[in-house]
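Colleague: Okay, handing you the structure first.
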Amino acid sequence: MNDVSFQEEKALKDFLSREEIQSFTRKSDVKAFSILIYNWLAIFSILAVVYYAPNVWMFLLALVFAFVFLPGRQLALAIVMHDCGHRVFFSTKERNDFYGQWFASRPILQDLHSYARGHLKHHQNAGTAQDPDLNNYRAYPIDKESFKRKVMRDLTGRTGWKLLRLVLMATKMYFSDDPEKKKIGKPFAIEMLVQFILFLIISFVFAPWVYLVWAGTWMTSYMLVVRFRQIAEHAAVDDLYDLDPRKNTRTTIPNWLERAIIAPGYVNYHLEHHFLASVPCYNLPALHKLLKERGAYDNTKNVAYGYRQVLQQALI
């Protein structure tokens, strides 16, 4: 995904030299594999906490722990998918395609290539009425009661079921005799196959019922974490229809708990990502630091300190 656009030209002309851009866009397979392995180890560690709970009360506490911290790891896989979609996470196209698809996208019921095509349009049209993701954030700021209803839809599984139902309906198309329908349904059928393989792996390591913790989290609290991500990135910003990313995109500086729950994989540095989309996520903190030192954020309100501040801006 080649995203040389307004954002990169601004970064190049105003704040960064070509040598600095080359430094920030340098890919590291060591860092990429470390992030991917860490997240899968964290996922299975969280599931282990639930499985090995010694009594009913500890089990209930472990379930709460999982539904709070597991979504962050699922979002971390989405961030890996995102960077692999940009082909900036690993050093080669082949590694981005393979690991991004099978170890990040598929486990969270996504298709890397479909996602990448849609996400490229977001970058090409950010700051305009043609942004395909506008429905996720253009209504903000919204009133608190409306937001509470959205939160309840997420936590009760209604948002997740809506998405899962679409996946199941599309999967059914794969078994059609119509070649076109079969082609459309193939990626979704593969996603469901990967879920079955993940079920078998979790069943082998722990027990079949532990998969329900993974799936239940995806259906509920993960949907809320994704909503927080969407709000933090573009909702209630200075000017959603200005081409300057400092106007239409927000960076959020989280505390350690927010980073664990809703801001994994440096996803919070979204303004930097729109400034220079070819930078891998693991290089974004350094890019943020340098841009801040050089005054890139002096005339923007779109750097929030904590997600509480984001909600203060997004809710009325």
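By convention here, the chains of the structure tokens are called A, B, ... in the order presented, each chain's residues are numbered starting at 1, and ligands are numbered starting at 1 in the order presented.
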Determine which residues of segment 252-291 of chain A receive a DSSP assignment of helix (DSSP H, G or I), computed from the backbone, and state them as a PyMOL selection string.

Modeller: chain A and resi 256-261+264-266+270-275+281-291

Colleague: May I have the selected residues written with N, CA, C and O atoms, as a CSV table (one decimal), in the first residue's frame?

Modeller:
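For reference, selection-v7.csv as written:
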chain,number,residue,atom,x,y,z
A,256,TRP,N,-0.5,3.8,31.6
A,256,TRP,CA,-0.1,2.4,31.4
A,256,TRP,C,-1.3,1.5,31.3
A,256,TRP,O,-1.3,0.5,30.5
A,257,LEU,N,-2.3,1.8,32.0
A,257,LEU,CA,-3.5,0.9,32.0
A,257,LEU,C,-4.3,1.1,30.7
A,257,LEU,O,-4.7,0.1,30.1
A,258,GLU,N,-4.4,2.3,30.2
A,258,GLU,CA,-5.1,2.5,28.9
A,258,GLU,C,-4.3,1.8,27.8
A,258,GLU,O,-4.9,1.3,26.9
A,259,ARG,N,-3.0,1.9,27.9
A,259,ARG,CA,-2.1,1.2,26.9
A,259,ARG,C,-2.4,-0.3,26.9
A,259,ARG,O,-2.5,-0.9,25.8
A,260,ALA,N,-2.6,-0.9,28.1
A,260,ALA,CA,-2.8,-2.3,28.2
A,260,ALA,C,-4.2,-2.7,27.7
A,260,ALA,O,-4.4,-3.8,27.1
A,261,ILE,N,-5.2,-1.8,27.9
A,261,ILE,CA,-6.6,-2.2,27.6
A,261,ILE,C,-7.0,-1.7,26.2
A,261,ILE,O,-7.7,-2.5,25.5
A,264,PRO,N,-3.0,-0.8,22.4
A,264,PRO,CA,-1.8,-1.6,22.2
A,264,PRO,C,-1.1,-1.2,20.9
A,264,PRO,O,-1.7,-0.5,20.1
A,265,GLY,N,0.1,-1.7,20.7
A,265,GLY,CA,0.7,-1.6,19.4
A,265,GLY,C,0.9,-0.2,18.9
A,265,GLY,O,1.0,0.1,17.7
A,266,TYR,N,1.0,0.8,19.9
A,266,TYR,CA,1.2,2.2,19.5
A,266,TYR,C,0.1,2.7,18.6
A,266,TYR,O,0.3,3.7,17.9
A,270,HIS,N,-2.0,8.1,16.2
A,270,HIS,CA,-2.7,8.1,14.9
A,270,HIS,C,-2.4,9.3,14.0
A,270,HIS,O,-2.4,9.2,12.8
A,271,LEU,N,-2.2,10.4,14.7
A,271,LEU,CA,-1.8,11.6,13.9
A,271,LEU,C,-0.5,11.4,13.2
A,271,LEU,O,-0.3,11.8,12.0
A,272,GLU,N,0.5,10.8,13.9
A,272,GLU,CA,1.7,10.5,13.3
A,272,GLU,C,1.6,9.5,12.1
A,272,GLU,O,2.3,9.6,11.1
A,273,HIS,N,0.7,8.6,12.3
A,273,HIS,CA,0.4,7.6,11.2
A,273,HIS,C,-0.1,8.3,9.9
A,273,HIS,O,0.3,8.0,8.8
A,274,HIS,N,-1.0,9.3,10.1
A,274,HIS,CA,-1.5,10.0,9.0
A,274,HIS,C,-0.5,11.0,8.4
A,274,HIS,O,-0.6,11.3,7.2
A,275,PHE,N,0.4,11.4,9.3
A,275,PHE,CA,1.5,12.3,8.8
A,275,PHE,C,2.4,11.5,7.8
A,275,PHE,O,2.8,12.0,6.8
A,281,CYS,N,4.5,0.8,13.1
A,281,CYS,CA,3.9,1.2,14.4
A,281,CYS,C,5.0,1.3,15.5
A,281,CYS,O,4.9,2.2,16.3
A,282,TYR,N,6.0,0.4,15.4
A,282,TYR,CA,7.0,0.4,16.5
A,282,TYR,C,8.0,1.6,16.4
A,282,TYR,O,8.8,1.9,17.3
A,283,ASN,N,7.9,2.4,15.3
A,283,ASN,CA,8.7,3.6,15.2
A,283,ASN,C,7.9,4.9,15.4
A,283,ASN,O,8.5,6.0,15.4
A,284,LEU,N,6.6,4.7,15.7
A,284,LEU,CA,5.7,5.9,15.8
A,284,LEU,C,6.1,6.7,17.1
A,284,LEU,O,6.0,8.0,17.0
A,285,PRO,N,6.4,6.1,18.2
A,285,PRO,CA,6.7,6.9,19.4
A,285,PRO,C,7.9,7.9,19.2
A,285,PRO,O,7.9,9.0,19.6
A,286,ALA,N,8.9,7.4,18.5
A,286,ALA,CA,10.1,8.2,18.2
A,286,ALA,C,9.7,9.4,17.2
A,286,ALA,O,10.2,10.5,17.3
A,287,LEU,N,8.9,9.0,16.2
A,287,LEU,CA,8.4,10.0,15.3
A,287,LEU,C,7.6,11.1,16.0
A,287,LEU,O,7.8,12.3,15.8
A,288,HIS,N,6.7,10.7,16.9
A,288,HIS,CA,5.9,11.7,17.7
A,288,HIS,C,6.9,12.6,18.5
A,288,HIS,O,6.7,13.8,18.5
A,289,LYS,N,7.9,12.0,19.1
A,289,LYS,CA,8.8,12.8,19.9
A,289,LYS,C,9.5,13.9,19.1
A,289,LYS,O,9.6,15.1,19.5
A,290,LEU,N,10.0,13.5,17.9
A,290,LEU,CA,10.7,14.5,17.1
A,290,LEU,C,9.8,15.5,16.5
A,290,LEU,O,10.1,16.7,16.5
A,291,LEU,N,8.6,15.1,16.1
A,291,LEU,CA,7.6,16.1,15.5
A,291,LEU,C,7.2,17.1,16.6
A,291,LEU,O,7.1,18.3,16.3

Colleague: Out of A:Val225, A:Ile231, A:Leu47, A:Val267, which residue has the shortest atom-to-atom distance to Ile202 of chain A when counting only C-alpha atoms?

Modeller: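 Selected residue with least distance to Ile202 of chain A: A:Leu47.
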
Colleague: So that I can see what lies close to Ser203 of chain A, please list as a list in words the residues with an atom at most 12 Å from it, counting only C-alpha atoms and leaving out residues fewer than 3 positions away in the same chain.

Modeller: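 Listed by chain and then number, they are Phe44, Leu47, Ala48, Tyr51, Gln195, Phe196, Ile197, Leu198, Phe199, Leu200, Phe206, Ala207, Pro208, Trp209, Val210, Tyr211, Leu212, Val213 and Trp214 of chain A.
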
Colleague: Mind dumping the selected residues with N, CA and C atoms as a compact mmCIF listing (two decimals), in the first residue's frame?

Modeller:
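Saved as part-v4.txt:
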# COMPACT_ATOMS: atom_id res chain seq x y z
N PHE A 44 -2.78 -16.32 25.18
CA PHE A 44 -2.87 -17.64 25.81
C PHE A 44 -2.63 -17.56 27.31
N LEU A 47 -6.04 -16.56 28.70
CA LEU A 47 -6.93 -17.73 28.69
C LEU A 47 -6.54 -18.72 29.78
N ALA A 48 -5.24 -18.83 30.04
CA ALA A 48 -4.77 -19.75 31.09
C ALA A 48 -5.24 -19.30 32.47
N TYR A 51 -8.69 -20.62 32.73
CA TYR A 51 -8.74 -22.09 32.78
C TYR A 51 -8.27 -22.65 34.12
N GLN A 195 -11.25 -19.93 12.52
CA GLN A 195 -11.85 -19.96 13.85
C GLN A 195 -11.97 -21.39 14.37
N PHE A 196 -12.30 -22.31 13.49
CA PHE A 196 -12.39 -23.72 13.89
C PHE A 196 -11.02 -24.25 14.29
N ILE A 197 -9.99 -23.87 13.52
CA ILE A 197 -8.62 -24.30 13.86
C ILE A 197 -8.21 -23.71 15.20
N LEU A 198 -8.56 -22.44 15.42
CA LEU A 198 -8.24 -21.81 16.70
C LEU A 198 -8.99 -22.51 17.84
N PHE A 199 -10.22 -22.90 17.58
CA PHE A 199 -11.00 -23.67 18.56
C PHE A 199 -10.28 -24.97 18.90
N LEU A 200 -9.78 -25.66 17.88
CA LEU A 200 -9.08 -26.93 18.12
C LEU A 200 -7.80 -26.71 18.93
N PHE A 206 -6.12 -26.14 26.39
CA PHE A 206 -6.92 -25.97 27.61
C PHE A 206 -8.13 -26.91 27.59
N ALA A 207 -9.24 -26.41 27.10
CA ALA A 207 -10.48 -27.19 26.99
C ALA A 207 -11.38 -26.48 25.99
N PRO A 208 -12.34 -27.20 25.37
CA PRO A 208 -13.20 -26.56 24.36
C PRO A 208 -13.93 -25.33 24.86
N TRP A 209 -14.37 -25.32 26.11
CA TRP A 209 -15.16 -24.18 26.60
C TRP A 209 -14.34 -22.90 26.69
N VAL A 210 -13.01 -23.02 26.75
CA VAL A 210 -12.16 -21.82 26.86
C VAL A 210 -12.26 -20.98 25.59
N TYR A 211 -12.55 -21.64 24.45
CA TYR A 211 -12.73 -20.88 23.22
C TYR A 211 -13.85 -19.86 23.35
N LEU A 212 -14.85 -20.18 24.17
CA LEU A 212 -15.97 -19.26 24.36
C LEU A 212 -15.50 -17.94 24.98
N VAL A 213 -14.43 -17.98 25.76
CA VAL A 213 -13.88 -16.75 26.33
C VAL A 213 -13.33 -15.87 25.20
N TRP A 214 -12.60 -16.50 24.28
CA TRP A 214 -12.07 -15.77 23.12
C TRP A 214 -13.21 -15.19 22.28

Colleague: For segment 94-97 of chain A, find every residue with an atom within 8 Å (counting only C-alpha atoms), except residues of its own chain fewer than 6 positions away, and show them as a ChimeraX atom specification.

Modeller: /A:84-85,87-88,112

Colleague: Between A:Lys182, A:Lys27, A:His82, A:Lys292, which is the closest to Leu120 of chain A once you count only C-alpha atoms?

Modeller: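 The shortest atom-to-atom distance to Leu120 of chain A comes from A:His82.
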
Colleague: Need to verify the contact set: Val64 of chain A, 12 Å, only C-alpha atoms, exclusion of same-chain residues closer than 2 positions in sequence. Can you return it as a count of residues only?

Modeller: 20

Colleague: Find the residue from A:Glu293, A:Asp143, A:Asp242, A:Asp154 that sits nearest to Leu224 of chain A; use only C-alpha atoms when measuring.

Modeller: A:Asp154

Colleague: I'd like the interatomic distance between atom CA of Lys148 of chain A and atom CA of Leu315 of chain A, to a tenth of an Å.

Modeller: 10.4 Å

Colleague: Mind checking which residues fall within 7 Å of Thr171 of chain A, counting only C-alpha atoms, ignoring those fewer than 3 positions away in the same chain, and posting them as a ChimeraX atom specification?

Modeller: /A:167-168,174,185-186,188-189

Colleague: For those residues, write N, CA and C atoms to a file as a PDB file, in the first residue's frame.

Modeller:
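Now in selection.pdb:
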ATOM      1  N   VAL A 167     -20.804 -12.159   8.552  1.00  0.00           N
ATOM      2  CA  VAL A 167     -19.772 -13.140   8.195  1.00  0.00           C
ATOM      3  C   VAL A 167     -20.413 -14.493   7.892  1.00  0.00           C
ATOM      4  N   LEU A 168     -21.359 -14.920   8.713  1.00  0.00           N
ATOM      5  CA  LEU A 168     -22.020 -16.208   8.514  1.00  0.00           C
ATOM      6  C   LEU A 168     -22.832 -16.222   7.217  1.00  0.00           C
ATOM      7  N   TYR A 174     -20.379 -19.114  -0.062  1.00  0.00           N
ATOM      8  CA  TYR A 174     -19.287 -19.928  -0.596  1.00  0.00           C
ATOM      9  C   TYR A 174     -19.790 -21.302  -1.058  1.00  0.00           C
ATOM     10  N   GLY A 185     -17.901 -15.342  -1.183  1.00  0.00           N
ATOM     11  CA  GLY A 185     -17.963 -16.022   0.106  1.00  0.00           C
ATOM     12  C   GLY A 185     -16.678 -16.690   0.544  1.00  0.00           C
ATOM     13  N   LYS A 186     -15.736 -16.892  -0.377  1.00  0.00           N
ATOM     14  CA  LYS A 186     -14.517 -17.643  -0.049  1.00  0.00           C
ATOM     15  C   LYS A 186     -13.723 -17.051   1.114  1.00  0.00           C
ATOM     16  N   PHE A 188     -14.658 -15.298   3.624  1.00  0.00           N
ATOM     17  CA  PHE A 188     -15.406 -15.458   4.871  1.00  0.00           C
ATOM     18  C   PHE A 188     -15.409 -16.920   5.327  1.00  0.00           C
ATOM     19  N   ALA A 189     -15.491 -17.827   4.355  1.00  0.00           N
ATOM     20  CA  ALA A 189     -15.424 -19.249   4.693  1.00  0.00           C
ATOM     21  C   ALA A 189     -14.063 -19.590   5.291  1.00  0.00           C
TER      22      ALA A 189
END

Colleague: Please measure the separation of atom CA of Lys183 of chain A and atom CA of Gln74 of chain A, giving the value in Å to one decimal.

Modeller: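 Spanning atom CA of Lys183 of chain A to atom CA of Gln74 of chain A is a straight-line distance of 27.3 Å.
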
Colleague: Need the shell around segment 35-42 of chain A: protein/DNA/RNA residues with any atom at most 8 Å away, counting only C-alpha atoms. Skip same-chain ones fewer than 5 positions apart. Format as a VMD selection string?

Modeller: chain A and resid 73 76 to 77 80 265

Colleague: What does the distance from atom CA of Leu75 of chain A to atom CA of Glu191 of chain A come to in Å, to one decimal?

Modeller: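 Atom CA of Glu191 of chain A lies 16.7 Å from atom CA of Leu75 of chain A.
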
Colleague: Considering only C-alpha atoms, can you say which of A:Asn299, A:Asn248, A:Asn125, A:Ser45 comes closest to Ala235 of chain A?

Modeller: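 Selected residue with least distance to Ala235 of chain A: A:Asn248.
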
Colleague: Which one of A:Tyr99, A:Phe228, A:Phe90, A:Tyr140 sits closest to Arg308 of chain A if you count only C-alpha atoms?

Modeller: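 Nearest to Arg308 of chain A: A:Phe228.
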
Colleague: Name the closest residue to Gln130 of chain A among the candidates A:Leu240, A:Phe147, A:Tyr297, A:Leu311; distances are taken between atoms, counting only C-alpha atoms.

Modeller: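 Ranked by minimum distance to Gln130 of chain A, first place goes to A:Leu240.
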